[in-house]
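File shown here: entry.csv, holding CSV, C-alpha atoms and all ligand atoms.
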```csv
chain,number,residue,atom,x,y,z
B,1,LYS,CA,89.6,134.0,101.8
B,2,LYS,CA,92.6,132.9,103.7
B,3,VAL,CA,95.2,135.5,104.6
B,4,ILE,CA,98.8,135.2,103.6
B,5,PHE,CA,101.7,137.1,105.1
B,6,SER,CA,105.3,137.0,104.3
B,7,ALA,CA,108.4,139.3,104.3
B,8,ILE,CA,111.9,139.5,103.1
B,9,GLN,CA,114.9,141.5,104.3
B,10,PRO,CA,116.2,144.2,102.0
B,11,SER,CA,119.8,143.5,103.0
B,12,GLY,CA,121.5,143.6,99.6
B,13,THR,CA,121.1,141.3,96.6
B,14,ILE,CA,118.1,139.2,96.4
B,15,THR,CA,119.1,135.6,95.5
B,16,LEU,CA,117.7,132.8,93.4
B,17,GLY,CA,117.2,131.0,96.8
B,18,ASN,CA,114.9,133.8,98.0
B,19,TYR,CA,113.1,133.6,94.7
B,20,LEU,CA,112.6,129.9,94.4
B,21,GLY,CA,112.0,129.4,98.2
B,22,ALA,CA,109.6,132.2,98.7
B,23,LEU,CA,109.0,135.0,96.1
B,24,LYS,CA,107.8,132.7,93.3
B,25,ASN,CA,105.2,131.4,95.6
B,26,TRP,CA,104.1,134.8,96.8
B,27,VAL,CA,103.4,135.7,93.2
B,28,ALA,CA,101.4,132.5,92.6
B,29,LEU,CA,99.3,132.9,95.7
B,30,GLN,CA,98.0,136.4,94.9
B,31,ASP,CA,95.0,135.2,92.9
B,32,ASP,CA,93.6,132.9,95.5
B,33,PHE,CA,94.3,134.6,98.8
B,34,ASP,CA,94.4,138.0,100.6
B,35,CYS,CA,98.1,138.6,100.4
B,36,ILE,CA,100.1,141.0,102.5
B,37,PHE,CA,103.9,141.3,101.9
B,38,ALA,CA,106.5,143.5,103.5
B,39,LEU,CA,110.2,144.5,103.2
B,40,ALA,CA,111.4,143.6,106.7
B,41,ASP,CA,113.6,146.7,107.0
B,42,LEU,CA,113.4,146.7,110.8
B,43,HIS,CA,114.9,143.2,110.9
B,44,THR,CA,117.7,144.4,108.6
B,45,ILE,CA,119.3,146.7,111.2
B,46,THR,CA,120.1,143.7,113.5
B,47,VAL,CA,123.2,143.8,111.2
B,48,ARG,CA,124.9,147.2,110.9
B,49,GLN,CA,123.9,149.0,107.6
B,50,GLU,CA,125.6,151.9,105.8
B,51,PRO,CA,122.7,154.5,105.5
B,52,ALA,CA,123.1,155.4,101.8
B,53,LYS,CA,123.5,151.8,100.7
B,54,PHE,CA,120.6,150.6,103.0
B,55,ARG,CA,118.3,153.2,101.4
B,56,ARG,CA,119.3,152.0,97.9
B,57,ASN,CA,118.8,148.4,98.9
B,58,ILE,CA,115.3,149.1,100.1
B,59,LEU,CA,114.2,150.8,96.9
B,60,GLU,CA,116.0,148.2,94.8
B,61,ALA,CA,114.2,145.3,96.7
B,62,TYR,CA,110.9,147.0,96.3
B,63,ALA,CA,111.2,147.5,92.6
B,64,LEU,CA,112.6,144.0,92.1
B,65,LEU,CA,109.7,142.4,93.9
B,66,LEU,CA,107.2,144.3,91.7
B,67,ALA,CA,109.3,143.0,88.7
B,68,CYS,CA,108.9,139.5,90.1
B,69,GLY,CA,105.2,139.9,89.8
B,70,ILE,CA,104.0,141.2,93.2
B,71,ASP,CA,100.9,143.2,92.1
B,72,VAL,CA,99.7,146.0,94.4
B,73,ASN,CA,96.3,145.8,92.8
B,74,LYS,CA,95.9,142.4,94.3
B,75,SER,CA,98.1,142.5,97.4
B,76,LEU,CA,99.5,144.8,99.9
B,77,PHE,CA,103.2,145.4,99.7
B,78,PHE,CA,104.9,147.9,102.0
B,79,MET,CA,107.9,148.7,104.2
B,80,GLN,CA,107.7,147.3,107.7
B,81,SER,CA,109.2,150.5,109.1
B,82,HIS,CA,106.2,152.5,107.6
B,83,VAL,CA,103.6,150.7,109.7
B,84,HIS,CA,104.3,151.5,113.4
B,85,THR,CA,102.1,148.6,114.8
B,86,HIS,CA,104.9,146.1,113.9
B,87,ALA,CA,107.4,147.6,116.4
B,88,GLU,CA,104.6,148.1,119.0
B,89,LEU,CA,103.3,144.5,118.9
B,90,ALA,CA,106.9,143.3,118.8
B,91,TRP,CA,107.6,144.9,122.1
B,92,ILE,CA,104.5,143.3,123.7
B,93,LEU,CA,105.3,139.9,122.3
B,94,ASN,CA,108.9,140.2,123.6
B,95,CYS,CA,107.2,140.0,127.1
B,96,TYR,CA,105.5,136.8,126.1
B,97,THR,CA,108.6,135.1,124.7
B,98,GLN,CA,111.1,133.3,126.9
B,99,PHE,CA,114.8,133.8,126.9
B,100,GLY,CA,115.2,130.0,126.6
B,101,GLU,CA,113.1,129.8,123.5
B,102,LEU,CA,115.0,132.6,121.8
B,103,SER,CA,118.3,131.0,122.8
B,104,ARG,CA,117.4,127.8,120.9
B,105,MET,CA,116.9,129.6,117.6
B,106,THR,CA,119.6,128.3,115.2
B,107,GLN,CA,119.6,131.5,113.1
B,108,PHE,CA,120.5,133.4,116.2
B,109,LYS,CA,123.3,131.0,117.0
B,110,ASP,CA,124.6,131.2,113.4
B,111,LYS,CA,124.4,134.9,113.1
B,112,SER,CA,125.9,135.6,116.5
B,113,ALA,CA,128.8,133.4,115.6
B,114,LYS,CA,129.3,135.3,112.4
B,115,HIS,CA,128.8,138.8,113.8
B,116,ALA,CA,130.6,138.2,117.1
B,117,ASP,CA,131.4,141.9,117.4
B,118,ASN,CA,127.7,143.0,117.3
B,119,ILE,CA,125.5,140.5,119.1
B,120,ASN,CA,122.8,143.1,119.9
B,121,ALA,CA,119.5,142.6,121.7
B,122,GLY,CA,117.6,143.0,118.4
B,123,LEU,CA,119.4,140.0,116.9
B,124,PHE,CA,118.2,138.0,119.9
B,125,THR,CA,114.6,139.1,119.9
B,126,TYR,CA,114.3,139.1,116.1
B,127,PRO,CA,111.8,136.2,116.1
B,128,ALA,CA,109.4,138.2,118.3
B,129,LEU,CA,109.3,141.0,115.7
B,130,MET,CA,108.7,138.4,113.0
B,131,ALA,CA,105.8,136.9,115.1
B,132,ALA,CA,104.4,140.4,115.3
B,133,ASP,CA,104.6,140.9,111.6
B,134,ILE,CA,102.6,137.7,111.0
B,135,LEU,CA,100.1,137.8,113.9
B,136,LEU,CA,99.1,141.5,113.3
B,137,TYR,CA,97.3,140.4,110.1
B,138,GLN,CA,95.8,137.2,111.5
B,139,ALA,CA,97.6,135.3,108.7
B,140,ASP,CA,96.6,131.7,108.1
B,141,LEU,CA,99.6,130.8,105.9
B,142,VAL,CA,103.2,132.1,105.7
B,143,PRO,CA,105.1,131.2,102.5
B,144,VAL,CA,108.8,130.8,103.4
B,145,GLY,CA,111.9,128.7,102.7
B,146,ALA,CA,112.8,125.9,105.0
B,147,ASP,CA,115.3,128.1,107.0
B,148,GLN,CA,112.4,130.0,108.5
B,149,LYS,CA,110.5,126.9,109.8
B,150,GLN,CA,111.9,127.2,113.3
B,151,HIS,CA,110.8,130.9,113.5
B,152,LEU,CA,107.3,129.9,112.4
B,153,GLU,CA,107.1,127.3,115.1
B,154,LEU,CA,108.0,129.9,117.7
B,155,THR,CA,105.4,132.3,116.3
B,156,ARG,CA,102.8,129.5,116.7
B,157,ASN,CA,103.9,129.0,120.3
B,158,ILE,CA,103.7,132.7,121.1
B,159,ALA,CA,100.2,132.9,119.6
B,160,GLU,CA,99.0,129.9,121.4
B,161,ARG,CA,100.4,131.1,124.7
B,162,PHE,CA,98.7,134.5,124.4
B,163,ASN,CA,95.4,132.9,123.3
B,164,GLY,CA,95.6,130.6,126.3
B,165,LEU,CA,96.5,133.3,128.8
B,166,TYR,CA,93.6,135.6,127.7
B,167,SER,CA,91.1,134.3,125.1
B,168,PRO,CA,91.4,133.6,121.4
B,169,THR,CA,93.2,136.6,119.9
B,170,PHE,CA,95.5,135.5,117.2
B,171,VAL,CA,95.1,133.1,114.3
B,172,VAL,CA,97.7,130.4,114.7
B,173,PRO,CA,99.5,130.4,111.3
B,174,ASP,CA,100.9,127.6,109.3
B,175,ALA,CA,104.2,127.7,107.4
B,176,TYR,CA,103.8,127.1,103.6
B,177,ILE,CA,107.0,125.6,102.4
B,178,PRO,CA,107.4,124.5,98.8
B,179,LYS,CA,108.2,120.8,98.0
B,180,ASN,CA,110.9,121.8,95.6
B,181,GLY,CA,113.0,125.0,96.1
B,182,ALA,CA,112.6,125.3,99.9
B,183,ARG,CA,116.3,125.0,100.3
B,184,ILE,CA,118.5,126.1,97.4
B,185,MET,CA,122.1,125.4,98.1
B,186,SER,CA,125.3,127.2,97.3
B,187,LEU,CA,126.7,126.3,93.9
B,188,GLN,CA,130.2,126.1,95.4
B,189,ASP,CA,129.3,124.2,98.6
B,190,PRO,CA,126.1,122.3,98.1
B,191,THR,CA,126.0,121.4,101.8
B,192,LYS,CA,125.4,125.1,102.7
B,193,LYS,CA,122.3,127.1,101.8
B,194,MET,CA,122.7,129.7,99.0
B,195,SER,CA,123.0,133.0,100.8
B,196,LYS,CA,123.8,136.6,99.8
B,197,SER,CA,126.5,136.7,102.5
B,198,ASP,CA,128.3,133.7,101.0
B,199,GLU,CA,132.1,134.5,101.1
B,200,ASN,CA,132.3,132.9,97.6
B,201,ALA,CA,130.3,135.0,95.2
B,202,ASN,CA,130.3,132.1,92.7
B,203,GLY,CA,128.1,130.1,95.0
B,204,CYS,CA,125.2,132.6,94.9
B,205,ILE,CA,123.0,133.8,91.9
B,206,ALA,CA,121.5,137.2,92.4
B,207,LEU,CA,118.3,137.9,90.5
B,208,LEU,CA,120.0,140.9,88.9
B,209,ASP,CA,123.2,139.0,87.8
B,210,LYS,CA,124.1,139.5,84.2
B,211,PRO,CA,123.4,136.5,81.9
B,212,GLU,CA,127.1,135.9,81.3
B,213,ASP,CA,127.8,135.8,85.1
B,214,ILE,CA,124.9,133.4,85.6
B,215,MET,CA,126.3,131.1,82.9
B,216,ARG,CA,129.8,131.2,84.4
B,217,LYS,CA,128.6,130.4,87.9
B,218,PHE,CA,126.5,127.4,86.7
B,219,LYS,CA,129.4,126.1,84.6
B,220,ARG,CA,131.7,126.2,87.6
B,221,ALA,CA,129.1,124.7,89.9
B,222,VAL,CA,130.4,121.9,92.1
B,223,THR,CA,129.1,118.4,91.2
B,224,ASP,CA,130.7,115.0,91.8
B,225,SER,CA,132.7,112.3,90.0
B,226,ASP,CA,129.7,110.1,89.2
B,227,ALA,CA,129.1,111.8,85.8
B,228,CYS,CA,125.5,110.9,85.8
B,229,VAL,CA,122.5,113.3,86.1
B,230,ARG,CA,120.3,111.5,88.6
B,231,TYR,CA,118.7,112.5,91.9
B,232,ALA,CA,120.3,110.4,94.7
B,233,GLU,CA,121.6,110.6,98.2
B,234,GLY,CA,125.1,112.0,98.5
B,235,LYS,CA,124.9,113.8,95.1
B,236,ASP,CA,124.2,117.2,96.8
B,237,GLY,CA,125.6,119.3,93.9
B,238,VAL,CA,123.6,117.5,91.2
B,239,ASN,CA,120.5,117.3,93.4
B,240,ASN,CA,120.6,121.1,93.9
B,241,LEU,CA,121.0,121.8,90.2
B,242,MET,CA,118.2,119.4,89.4
B,243,GLY,CA,116.0,121.2,91.9
B,244,ILE,CA,116.8,124.6,90.4
B,245,TYR,CA,116.2,123.2,86.8
B,246,SER,CA,112.9,121.7,87.9
B,247,ALA,CA,111.7,124.8,89.6
B,248,VAL,CA,112.4,127.1,86.6
B,249,THR,CA,111.2,124.8,83.9
B,250,GLY,CA,108.4,122.9,85.7
B,251,ARG,CA,109.9,119.5,84.6
B,252,SER,CA,109.9,116.6,87.0
B,253,PHE,CA,113.1,114.8,88.2
B,254,ASP,CA,112.2,111.8,86.0
B,255,GLU,CA,111.9,114.0,82.9
B,256,ILE,CA,115.2,115.7,83.7
B,257,GLU,CA,117.0,112.3,84.2
B,258,ARG,CA,115.7,111.2,80.8
B,259,GLU,CA,116.6,114.5,79.1
B,260,PHE,CA,120.2,114.1,80.2
B,261,ASP,CA,120.5,110.4,79.9
B,262,GLY,CA,124.0,109.7,78.4
B,263,LYS,CA,125.0,113.4,78.5
B,264,GLY,CA,127.8,114.8,80.7
B,265,TYR,CA,127.7,117.4,83.4
B,266,GLY,CA,128.9,120.1,81.0
B,267,ASP,CA,125.8,119.9,79.0
B,268,PHE,CA,123.6,119.7,82.1
B,269,LYS,CA,125.1,122.7,83.8
B,270,ALA,CA,124.9,124.8,80.6
B,271,ALA,CA,121.2,123.9,80.3
B,272,VAL,CA,120.5,124.8,83.9
B,273,GLY,CA,122.3,128.2,83.4
B,274,GLU,CA,120.3,128.9,80.2
B,275,ALA,CA,117.0,128.0,81.8
B,276,VAL,CA,117.7,130.4,84.8
B,277,VAL,CA,118.8,133.2,82.4
B,278,GLU,CA,115.6,132.8,80.4
B,279,HIS,CA,113.5,132.7,83.5
B,280,LEU,CA,115.1,135.9,84.9
B,281,ARG,CA,115.2,137.8,81.7
B,282,PRO,CA,111.6,139.3,81.9
B,283,ILE,CA,112.1,140.0,85.6
B,284,GLN,CA,115.3,141.9,84.8
B,285,GLU,CA,113.6,143.9,82.0
B,286,ARG,CA,110.6,144.9,84.2
B,287,TYR,CA,113.1,145.8,87.0
B,288,ALA,CA,114.8,148.2,84.6
B,289,ASP,CA,111.5,150.0,84.1
B,290,TYR,CA,110.3,150.0,87.7
B,291,SER,CA,113.6,151.2,89.2
B,292,LYS,CA,113.5,154.3,87.0
B,293,ASN,CA,110.0,155.2,88.3
B,294,LYS,CA,110.6,156.3,91.9
B,295,ASP,CA,107.3,158.2,92.1
B,296,TYR,CA,105.3,155.2,91.1
B,297,LEU,CA,107.1,153.0,93.7
B,298,GLU,CA,106.3,155.6,96.3
B,299,GLN,CA,102.7,155.7,95.4
B,300,CYS,CA,102.6,151.9,95.7
B,301,TYR,CA,104.3,151.5,99.1
B,302,ARG,CA,102.5,154.5,100.7
B,303,ALA,CA,99.0,153.3,99.7
B,304,SER,CA,99.8,149.7,100.9
B,305,ALA,CA,101.2,150.9,104.2
B,306,GLU,CA,98.1,153.0,104.9
B,307,LYS,CA,95.8,150.0,104.4
B,308,ALA,CA,98.1,147.7,106.4
B,309,LEU,CA,98.1,150.1,109.3
B,310,ALA,CA,94.3,150.1,109.4
B,311,ILE,CA,94.2,146.3,109.4
B,312,SER,CA,97.0,145.8,111.9
B,313,LEU,CA,95.5,148.4,114.4
B,314,ARG,CA,92.5,146.2,114.8
B,315,THR,CA,94.7,143.4,116.2
B,316,LEU,CA,97.0,145.7,118.2
B,317,ARG,CA,94.0,147.3,120.0
B,318,LYS,CA,92.5,144.0,120.7
B,319,VAL,CA,95.7,142.8,122.2
B,320,MET,CA,96.2,145.9,124.3
B,321,LYS,CA,92.7,145.8,125.7
B,322,LYS,CA,93.1,142.2,126.8
B,323,ILE,CA,96.3,143.0,128.6
B,324,GLY,CA,94.6,145.7,130.5
B,325,TYR,CA,95.8,148.9,128.8
B,326,ILE,CA,93.5,151.9,128.8
B,327,LEU,CA,92.9,152.7,125.1
C,401,LIG,P1,115.2,136.4,104.3
C,401,LIG,O1,115.2,137.8,103.9
C,401,LIG,O2,116.5,135.8,104.8
C,401,LIG,O3,114.7,135.5,103.1
C,401,LIG,C1,113.5,135.7,102.5
C,401,LIG,C2,112.9,134.4,102.1
C,401,LIG,O4,113.8,133.7,101.2
C,401,LIG,C3,113.9,132.3,101.8
C,401,LIG,N1,115.2,131.8,101.5
C,401,LIG,C4,115.5,130.7,100.8
C,401,LIG,N2,114.7,129.8,100.3
C,401,LIG,C5,115.3,128.7,99.7
C,401,LIG,N3,116.6,128.5,99.6
C,401,LIG,C6,117.5,129.5,100.1
C,401,LIG,N4,118.8,129.3,99.9
C,401,LIG,C7,116.9,130.6,100.7
C,401,LIG,N5,117.4,131.7,101.3
C,401,LIG,C8,116.4,132.4,101.8
C,401,LIG,C9,113.6,132.5,103.3
C,401,LIG,O5,113.2,131.3,103.8
C,401,LIG,C10,112.5,133.5,103.3
C,401,LIG,O6,111.3,133.0,103.1
C,401,LIG,N6,113.1,136.6,108.9
C,401,LIG,C11,112.8,136.6,107.4
C,401,LIG,C12,112.0,137.8,107.0
C,401,LIG,C13,110.8,138.0,107.7
C,401,LIG,C14,109.6,137.2,107.6
C,401,LIG,C15,108.7,137.9,108.5
C,401,LIG,C16,109.3,136.1,106.9
C,401,LIG,C17,110.5,139.0,108.6
C,401,LIG,N7,109.2,138.9,109.0
C,401,LIG,C18,107.4,137.3,108.6
C,401,LIG,C19,108.0,135.6,107.0
C,401,LIG,C20,107.0,136.2,107.9
C,401,LIG,C21,114.1,136.6,106.7
C,401,LIG,O7,115.2,137.0,107.2
C,401,LIG,O8,114.1,136.1,105.4
```
Whole structure, structure tokens version:
Amino acid sequence: KKVIFSAIQPSGTITLGNYLGALKNWVALQDDFDCIFALADLHTITVRQEPAKFRRNILEAYALLLACGIDVNKSLFFMQSHVHTHAELAWILNCYTQFGELSRMTQFKDKSAKHADNINAGLFTYPALMAADILLYQADLVPVGADQKQHLELTRNIAERFNGLYSPTFVVPDAYIPKNGARIMSLQDPTKKMSKSDENANGCIALLDKPEDIMRKFKRAVTDSDACVRYAEGKDGVNNLMGIYSAVTGRSFDEIEREFDGKGYGDFKAAVGEAVVEHLRPIQERYADYSKNKDYLEQCYRASAEKALAISLRTLRKVMKKIGYIL
């Protein structure tokens, strides 16, 4: 069986973009692959966190991902900070990653522009930690949204470099990016990706948003003056809504165009809102149960972390031995 690894940062609300770009695929892949998933809580402190809130966000994210359908009987799902090999391999890979490579990362450039008062070394070397996450488990495939593609390329380069310097050590992973949903855009500015840090809260749908808030945000979504539901260049707002509708209903773009033939944007936006509300309803119900059961959550993440440690130590030891360390 092929190995899948992916992770998400528990840095506040988890969005519809996270879900359609990544989480929905994680859930679907669990039956056919050996899946390993993590909350990337070491990555999260590259941006300053308030301790009590950070702790709540981690537990909320864990419960919410179980509610989305991550099943610890099929997959491993743990906190990155609970498995010490991640930080250890990250240090090693830092020494096999060039300053120039990290300088070219667009996420670093964006984040350092946005958090100009805290451009810390962790923010810069973030992709080396991400490479460690993936390479520790010899993952074949990494299901992510389009914004992580550049980090995946760097991971491949680091793996190939290490393999070339010593001998084959790491599996060189491929990104697994969905055809539809890989880049969900802000409902208020469809030229920007939907993001939890969007200044305009109306642009972003959180998985735990109340139905009335979801409906309101979709009804206010920015479209265009063409007044025709069709997928076309330059119709960023409509294209985005069609992408979301298609992802949650499984309908093709042709079917959607036929469904709304002769209808206005008002009807269309309400239909997209309703479809999203219905899709999220069972997730929100399960979340309400899981979030009450802290003991169960703890059992799940501790058991997964223990297994993940054993798997990842095999890779870490192999790496250290090749470099010349005395084990
Ligand atoms: P993060 O936490 O920013 O996002 C988690 C996943 O959601 C995807 N995503 C989106 N997909 C579609 N449309 C959007 N608007 C959208 N916004 C986010 C992301 O592509 C991602 O797949 N560095 C990673 C976390 C990470 C990781 C890893 C991922 C740490 N280690 C190892 C894969 C493998 C991140 O910050 O994702």
For range 288-291 of chain B, please output as a PyMOL selection string all residues within 8 Å (counting only C-alpha atoms; exclusion window: fewer than 4 positions along the same chain).
-> chain B and resi 59-60+63-64+66-67+284+296-297
Dump C-alpha atoms for the selected residues as a CSV table (one decimal), in the frame of the given file?
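The resulting file, result.csv, is shown below:
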```csv
chain,number,residue,atom,x,y,z
B,59,LEU,CA,114.2,150.8,96.9
B,60,GLU,CA,116.0,148.2,94.8
B,63,ALA,CA,111.2,147.5,92.6
B,64,LEU,CA,112.6,144.0,92.1
B,66,LEU,CA,107.2,144.3,91.7
B,67,ALA,CA,109.3,143.0,88.7
B,284,GLN,CA,115.3,141.9,84.8
B,296,TYR,CA,105.3,155.2,91.1
B,297,LEU,CA,107.1,153.0,93.7
```
Residues within 8 Å of ligand LIG 401 (chain C), counting all atoms listed in the file, as a PyMOL selection string = chain B and resi 5-11+15-23+38-40+43-44+126-127+129-134+142-149+151-152+181-186+193-195
Neighbours of range 78-87 of chain B within 8 Å (all atoms listed in the file; same-chain residues fewer than 6 positions away dropped), as JSON, numbers by chain?
-> {"B": [37, 38, 39, 40, 41, 42, 129, 132, 133, 136, 300, 301, 302, 304, 305, 306, 308, 309, 312, 313, 316]}
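Of note, CA of Leu154 in chain B and CA of Val172 in chain B are spaced 10.7 Å apart.
Taking CA of Met105 in chain B and CA of Gln150 in chain B as the two end points, the separation is 7.0 Å.
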Nearest to Ile36 in chain B, chosen from B:Gln138, B:Asn57, B:Gln49, B:Gln107, with only C-alpha atoms counted in the distances |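 Of B:Gln138, B:Asn57, B:Gln49, B:Gln107, the one nearest Ile36 in chain B, counting only C-alpha atoms, is B:Gln138.
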In Å and to one decimal, CA of Leu280 in chain B is distant from CA of Lys192 in chain B by 23.2 Å
Of B:Ile70, B:Lys24, B:Ala128, B:Pro211, the one sitting nearest Glu88 in chain B when using only C-alpha atoms is B:Ala128
Determine the nearest neighbour of Tyr137 in chain B from the options B:Phe253, B:Phe170, B:Phe108, B:Phe218, counting all atoms listed in the file.
-> B:Phe170
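Using all atoms listed in the file, the shortest contact distance between Pro190 in chain B and any of B:Thr97, B:Asn25, B:Asn240, B:Thr13 is found at B:Asn240.
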Which of B:Ala303, B:Leu93, B:Ala221, B:Leu207 sits closest to Val72 in chain B [using all atoms listed in the file] = B:Ala303
